[in-house]
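K.L.:
One file: final_30.cif (mmCIF, C-alpha atoms).
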data_data
loop_
_atom_site.label_atom_id
_atom_site.label_comp_id
_atom_site.auth_asym_id
_atom_site.auth_seq_id
_atom_site.Cartn_x
_atom_site.Cartn_y
_atom_site.Cartn_z
CA MET A 1 -24.56 10.28 -70.46
CA ILE A 2 -24.64 10.98 -74.24
CA PRO A 3 -21.26 10.58 -75.99
CA LYS A 4 -19.80 13.52 -77.76
CA LEU A 5 -19.39 13.70 -81.48
CA GLU A 6 -15.63 13.62 -81.14
CA GLN A 7 -15.86 10.41 -79.09
CA ILE A 8 -18.14 8.82 -81.67
CA THR A 9 -15.91 9.73 -84.63
CA ARG A 10 -12.77 8.77 -82.67
CA PRO A 11 -13.44 5.54 -80.82
CA TRP A 12 -9.97 5.33 -79.26
CA MET A 13 -10.79 8.48 -77.28
CA PHE A 14 -13.91 6.79 -75.84
CA GLY A 15 -11.92 3.84 -74.57
CA MET A 16 -12.44 1.49 -77.49
CA THR A 17 -9.38 0.51 -79.52
CA PRO A 18 -9.60 -1.46 -82.74
CA SER A 19 -8.76 -5.12 -82.23
CA ALA A 20 -6.53 -7.23 -84.48
CA ARG A 21 -9.58 -9.06 -85.84
CA GLY A 22 -11.26 -5.84 -86.82
CA ALA A 23 -8.10 -4.67 -88.50
CA SER A 24 -7.81 -7.88 -90.51
CA ILE A 25 -11.44 -7.63 -91.58
CA ALA A 26 -10.92 -4.04 -92.57
CA ARG A 27 -7.85 -5.00 -94.57
CA GLY A 28 -9.78 -7.79 -96.31
CA LEU A 29 -12.43 -5.43 -97.58
CA SER A 30 -11.71 -3.49 -100.72
CA PRO A 31 -12.94 -0.04 -101.59
CA SER A 32 -14.79 -1.51 -104.55
CA ARG A 33 -17.38 -3.09 -102.19
CA GLY A 34 -18.57 0.31 -101.03
CA ILE A 35 -17.39 0.26 -97.42
CA SER A 36 -16.34 3.70 -96.26
CA PRO A 37 -14.26 4.53 -93.18
CA SER A 38 -17.44 5.64 -91.55
CA GLY A 39 -18.46 1.97 -91.27
CA ARG A 40 -16.29 1.63 -88.14
CA MET A 41 -18.49 4.13 -86.17
CA VAL A 42 -19.81 2.90 -82.79
CA SER A 43 -23.56 2.90 -82.49
CA PRO A 44 -25.28 4.97 -79.73
CA LEU A 45 -27.15 1.87 -78.51
CA ARG A 46 -23.90 0.13 -77.69
CA VAL A 47 -22.67 3.21 -75.83
CA ARG A 48 -25.85 3.28 -73.74
CA LYS A 49 -25.48 -0.41 -72.87
CA LYS A 50 -21.95 0.23 -71.65
CA GLU A 51 -23.15 3.16 -69.53
CA LYS A 52 -25.91 1.01 -68.01
CA SER A 53 -23.42 -1.73 -67.21
CA ARG A 54 -21.20 0.83 -65.52
CA GLU A 55 -24.13 2.22 -63.53
CA ASN A 56 -25.09 -1.30 -62.44
CA GLY A 57 -21.49 -1.90 -61.36
CA GLY A 58 -21.55 1.35 -59.29
CA VAL A 59 -24.80 0.31 -57.59
CA ALA A 60 -23.27 -3.06 -56.73
CA ASP A 61 -20.24 -1.32 -55.25
CA ASP A 62 -22.48 0.96 -53.18
CA ALA A 63 -24.45 -2.05 -51.95
CA HIS A 64 -21.21 -3.79 -50.98
CA VAL A 65 -20.00 -0.71 -49.09
CA LEU A 66 -23.39 -0.46 -47.37
CA LYS A 67 -23.15 -4.10 -46.28
CA LEU A 68 -19.65 -3.49 -44.93
CA LEU A 69 -20.87 -0.45 -42.97
CA HIS A 70 -23.82 -2.42 -41.64
CA ASN A 71 -21.50 -5.22 -40.54
CA ARG A 72 -19.24 -2.70 -38.86
CA LEU A 73 -22.27 -1.19 -37.07
CA LEU A 74 -23.28 -4.63 -35.83
CA GLN A 75 -19.74 -5.24 -34.62
CA TRP A 76 -19.76 -1.96 -32.68
CA ARG A 77 -23.14 -2.75 -31.16
CA PHE A 78 -21.89 -6.16 -30.09
CA ALA A 79 -18.75 -4.60 -28.60
CA ASN A 80 -20.83 -2.01 -26.73
CA ALA A 81 -23.18 -4.72 -25.46
CA ARG A 82 -20.20 -6.69 -24.13
CA ALA A 83 -18.59 -3.57 -22.63
CA SER A 84 -21.74 -2.44 -20.80
CA PRO A 85 -21.50 -5.08 -17.98
CA VAL A 86 -17.80 -4.33 -17.64
CA PHE A 87 -18.54 -0.63 -17.24
CA SER A 88 -21.30 -1.42 -14.73
CA ALA A 89 -18.92 -3.57 -12.68
CA GLN A 90 -16.26 -0.86 -12.79
CA LYS A 91 -18.85 1.71 -11.70
CA MET A 92 -19.94 -0.43 -8.75
CA THR A 93 -16.32 -1.02 -7.75
CA THR A 94 -15.59 2.70 -7.94
CA GLU A 95 -18.68 3.55 -5.86
CA LYS A 96 -17.66 0.98 -3.22
CA ARG A 97 -14.18 2.46 -3.10
CA LEU A 98 -15.61 5.97 -2.74
CA TYR A 99 -17.90 4.80 0.06
CA ASN A 100 -15.05 3.09 1.88
CA SER A 101 -12.86 6.15 1.44
CA ARG A 102 -15.64 8.35 2.83
CA ILE A 103 -15.96 6.07 5.88
CA SER A 104 -12.20 6.14 6.42
CA ILE A 105 -12.15 9.94 6.04
CA SER A 106 -14.98 10.25 8.58
CA LYS A 107 -13.03 8.06 11.02
CA LEU A 108 -9.96 10.21 10.49
CA TYR A 109 -12.04 13.35 11.13
CA ASP A 110 -13.38 11.83 14.37
CA SER A 111 -9.89 10.87 15.52
CA VAL A 112 -8.54 14.32 14.65
CA ARG A 113 -11.41 15.98 16.53
CA ALA A 114 -10.79 13.78 19.58
CA LYS A 115 -7.07 14.57 19.45
CA ARG A 116 -7.82 18.29 19.23
CA ILE A 117 -10.14 18.10 22.24
CA GLU A 118 -7.53 16.17 24.20
CA THR A 119 -4.83 18.66 23.20
CA GLN A 120 -7.01 21.60 24.25
CA ARG A 121 -7.70 19.92 27.58
CA LEU A 122 -4.00 19.32 28.16
CA LYS A 123 -3.23 22.95 27.33
CA LEU A 124 -5.81 24.16 29.84
CA ASN A 125 -4.47 21.78 32.48
CA LEU A 126 -0.96 23.08 31.87
CA LYS A 127 -2.18 26.66 32.25
CA LEU A 128 -3.94 25.80 35.51
CA ILE A 129 -0.84 24.00 36.82
CA PHE A 130 1.32 26.98 35.88
CA ILE A 131 -0.99 29.38 37.73
CA LEU A 132 -1.16 27.14 40.79
CA ASN A 133 2.61 26.71 40.84
CA ARG A 134 3.01 30.48 40.93
CA GLN A 135 0.59 30.67 43.88
CA MET A 136 1.95 27.69 45.82
CA GLY A 137 4.42 29.83 47.80
CA ASN A 138 1.65 32.18 48.92
CA LEU A 139 -0.59 29.26 49.82
CA GLU A 140 2.14 27.63 51.90
CA GLU A 141 2.80 30.95 53.61
CA TRP A 142 -0.90 31.27 54.28
CA LEU A 143 -0.89 27.85 55.94
CA VAL A 144 2.01 28.86 58.20
CA VAL A 145 0.30 32.14 59.12
CA GLU A 146 -2.97 30.38 59.82
CA ARG A 147 -1.21 27.85 62.03
CA ASP A 148 0.51 30.61 64.02
CA TYR A 149 -2.72 32.54 64.32
CA VAL A 150 -4.64 29.51 65.58
CA SER A 151 -1.92 28.64 68.11
CA SER A 152 -1.76 32.22 69.44
CA LEU A 153 -5.53 32.42 69.66
CA VAL A 154 -5.73 29.14 71.54
CA GLY A 155 -2.96 30.24 73.89
CA ALA A 156 -4.69 33.55 74.61
CA ALA A 157 -7.99 31.82 75.28
CA GLU A 158 -6.34 29.34 77.62
CA GLY A 159 -4.52 32.17 79.41
CA LEU A 160 -7.69 34.18 79.90
CA LYS A 161 -9.50 31.11 81.06
CA GLY A 162 -6.80 30.25 83.57
CA SER A 163 -6.54 33.85 84.80
CA THR A 164 -10.17 34.76 85.26
CA LEU A 165 -12.42 31.73 85.36
CA CYS A 166 -10.37 29.21 87.34
CA LEU A 167 -10.81 31.02 90.70
CA PRO A 168 -11.69 29.24 93.98
CA VAL A 169 -15.30 29.87 94.91
CA ASP A 170 -15.21 28.45 98.41
CA CYS A 171 -16.60 30.16 101.53
CA VAL A 172 -13.24 30.61 103.05
CA ALA A 173 -11.60 31.62 99.83
CA LYS A 174 -9.34 34.57 99.98
CA VAL A 175 -8.37 36.64 97.02
CA ASN A 176 -4.94 38.01 96.65
CA GLY A 177 -5.31 41.32 94.96
CA GLN A 178 -1.77 41.37 93.73
CA SER A 179 -2.11 37.97 92.09
CA VAL A 180 -5.36 39.01 90.41
CA LYS A 181 -3.73 42.20 89.24
CA ASP A 182 -0.80 40.26 87.89
CA ALA A 183 -3.12 37.84 86.12
CA ILE A 184 -5.11 40.64 84.52
CA SER A 185 -1.91 42.37 83.51
CA SER A 186 -0.63 39.17 81.92
CA ALA A 187 -3.97 38.78 80.11
CA VAL A 188 -3.75 42.34 78.83
CA ASP A 189 -0.21 41.67 77.66
CA VAL A 190 -1.35 38.56 75.82
CA MET A 191 -4.19 40.50 74.20
CA GLN A 192 -1.80 43.26 73.15
CA ALA A 193 0.56 40.67 71.69
CA MET A 194 -2.41 39.16 69.87
CA ALA A 195 -3.40 42.55 68.53
CA SER A 196 0.14 43.22 67.33
CA SER A 197 0.29 39.79 65.65
CA ILE A 198 -3.09 40.43 64.07
CA CYS A 199 -1.87 43.80 62.79
CA MET A 200 1.18 42.10 61.34
CA LEU A 201 -0.94 39.45 59.69
CA LEU A 202 -3.48 41.85 58.19
CA PRO A 203 -1.30 42.90 55.16
CA LYS A 204 -0.51 39.29 54.40
CA VAL A 205 -4.18 38.37 54.67
CA GLU A 206 -5.13 41.24 52.35
CA LYS A 207 -2.45 40.18 49.85
CA ILE A 208 -3.63 36.59 49.96
CA SER A 209 -7.24 37.69 49.54
CA CYS A 210 -6.21 39.73 46.46
CA LEU A 211 -4.40 36.71 45.06
CA ALA A 212 -7.46 34.56 45.72
CA ALA A 213 -9.61 37.12 43.87
CA ASP A 214 -7.17 37.06 40.94
CA LEU A 215 -7.30 33.29 40.94
CA ALA A 216 -11.10 33.42 40.88
CA ARG A 217 -11.02 35.83 37.90
CA VAL A 218 -8.57 33.54 36.09
CA ASN A 219 -10.87 30.61 36.77
CA ILE A 220 -13.84 32.53 35.34
CA LYS A 221 -11.83 33.48 32.26
CA GLU A 222 -10.72 29.89 31.84
CA GLN A 223 -14.35 28.75 32.00
CA GLU A 224 -15.28 31.27 29.30
CA MET A 225 -12.42 30.05 27.13
CA LEU A 226 -13.61 26.47 27.62
CA ASP A 227 -17.11 27.46 26.50
CA VAL A 228 -15.72 29.23 23.41
CA SER A 229 -13.51 26.25 22.56
CA ARG A 230 -16.49 23.92 22.96
CA GLU A 231 -18.55 26.05 20.55
CA LEU A 232 -15.67 26.13 18.06
CA LEU A 233 -15.28 22.35 18.25
CA ASN A 234 -19.01 21.91 17.62
CA THR A 235 -18.78 24.21 14.60
CA ILE A 236 -15.74 22.32 13.27
CA SER A 237 -17.50 18.98 13.70
CA ALA A 238 -20.55 20.30 11.81
CA LEU A 239 -18.33 21.57 8.97
CA GLN A 240 -16.51 18.22 8.82
CA VAL A 241 -19.82 16.36 8.58
CA THR A 242 -20.94 18.70 5.76
CA ALA A 243 -17.65 18.17 3.94
CA SER A 244 -17.87 14.38 4.33
CA ILE A 245 -21.40 14.45 2.89
CA SER A 246 -20.40 16.66 -0.06
CA VAL A 247 -17.41 14.43 -1.03
CA PRO A 248 -19.49 11.61 -2.65
CA LEU A 249 -21.74 14.17 -4.37
CA ILE A 250 -18.68 15.59 -6.14
#
For the structure just supplied, provide its representation as structure tokens.

P.N.:
Amino acid sequence: MIPKLEQITRPWMFGMTPSARGASIARGLSPSRGISPSGRMVSPLRVRKKEKSRENGGVADDAHVLKLLHNRLLQWRFANARASPVFSAQKMTTEKRLYNSRISISKLYDSVRAKRIETQRLKLNLKLIFILNRQMGNLEEWLVVERDYVSSLVGAAEGLKGSTLCLPVDCVAKVNGQSVKDAISSAVDVMQAMASSICMLLPKVEKISCLAADLARVNIKEQEMLDVSRELLNTISALQVTASISVPLI
């Protein structure tokens, strides 16, 4: 940088003030010796030396700042090198925790699925018990009717057997026509009573057969519902497995 003319002619503006020694020397010189005021002018060579010294000082400052930055970079690298194992250990700990949480979630899913299956089974058992409780009266009535029917049928068979088959077949056997007539009449009466009882039992038998058909339809519907619930449970289990696999990926 070249100094301006104003700075050369006015040294106090360039940062150079006259010292006390210079002032005393200037006062000791007389005008008769030929020294003009222009003798106090600063030479350009001196100005250049000062500029070079300033430039050298700026380079030294830059080098010092560069060393500080380099030291700071080394410190950061050292800190990162020390923090890397810590981060690796934290990562492994986090992965272990995620794995354990996934296992616990899978166990919870299995327990929930088992509870749902058990609940569905209990619901179906309750429905079946409710249907059977509604039909228990008819079934008990059917047992009573069947018992009466069997007893009447056995009695009729025994009566016919005693009236027709148990006859003496000896050479000197004599048949009383009136007794045979009475026996046949009693057998006819028993058969008529049987027919009337059968006619009375027919509506009940038809009603019970209708109820049995309804029960069979309910059983078929229940089986279909069981199949549908089994398919739904399989679908839910597949979705739960997919969700448990996608949790660690997230």

K.L.:
Can you list, as a list in words, every protein, DNA or RNA residue that comes within 12 Å of Asn138 in chain A when you count all atoms listed in the file, leaving out same-chain residues fewer than 3 positions away?

P.N.:
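Surrounding residues, per the criterion: Ile131, Leu132, Asn133, Arg134, Gln135, Glu141, Trp142, Leu143, Val144, Val145, Glu146, Lys204, Val205, Glu206, Lys207, Ile208, Ser209, Cys210, Leu211 and Ala212 of chain A.
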
K.L.:
Nearest to Ala156 in chain A among A:Leu215, A:Leu124, A:Met191, A:Leu139, with distances taken over only C-alpha atoms: which residue is it?

P.N.:
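Closest candidate: A:Met191.
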
K.L.:
Step by step: start from the point (-10.8, 11.1, 4.4) in the file's coordinates, keep every protein, DNA or RNA residue that has an atom no farther than 12 Å from it, count only C-alpha atoms, and write the set as a PyMOL selection string.

P.N.:
chain A and resi 97-112+240-241+243-248

K.L.:
Provide the CA of Leu153 in chain A to CA of Asp182 in chain A distance in Å, to one decimal place.

P.N.:
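Distance reported for this atom pair: 20.4 Å.
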
K.L.:
Around (-3.8, 29.7, 32.0) in the file's own coordinates, what residues are found within 10 Å if you use all atoms listed in the file, given back as a CSV table (one decimal) with C-alpha atoms, keeping the file's coordinate frame?

P.N.:
chain,number,residue,atom,x,y,z
A,123,LYS,CA,-3.2,23.0,27.3
A,124,LEU,CA,-5.8,24.2,29.8
A,125,ASN,CA,-4.5,21.8,32.5
A,126,LEU,CA,-1.0,23.1,31.9
A,127,LYS,CA,-2.2,26.7,32.2
A,128,LEU,CA,-3.9,25.8,35.5
A,129,ILE,CA,-0.8,24.0,36.8
A,130,PHE,CA,1.3,27.0,35.9
A,131,ILE,CA,-1.0,29.4,37.7
A,132,LEU,CA,-1.2,27.1,40.8
A,218,VAL,CA,-8.6,33.5,36.1
A,219,ASN,CA,-10.9,30.6,36.8
A,221,LYS,CA,-11.8,33.5,32.3
A,222,GLU,CA,-10.7,29.9,31.8
A,225,MET,CA,-12.4,30.0,27.1

K.L.:
Between CA of Thr94 in chain A and CA of Arg77 in chain A, what is the spacing in Å?

P.N.:
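CA of Thr94 in chain A lies at a distance of 25.0 Å from CA of Arg77 in chain A.
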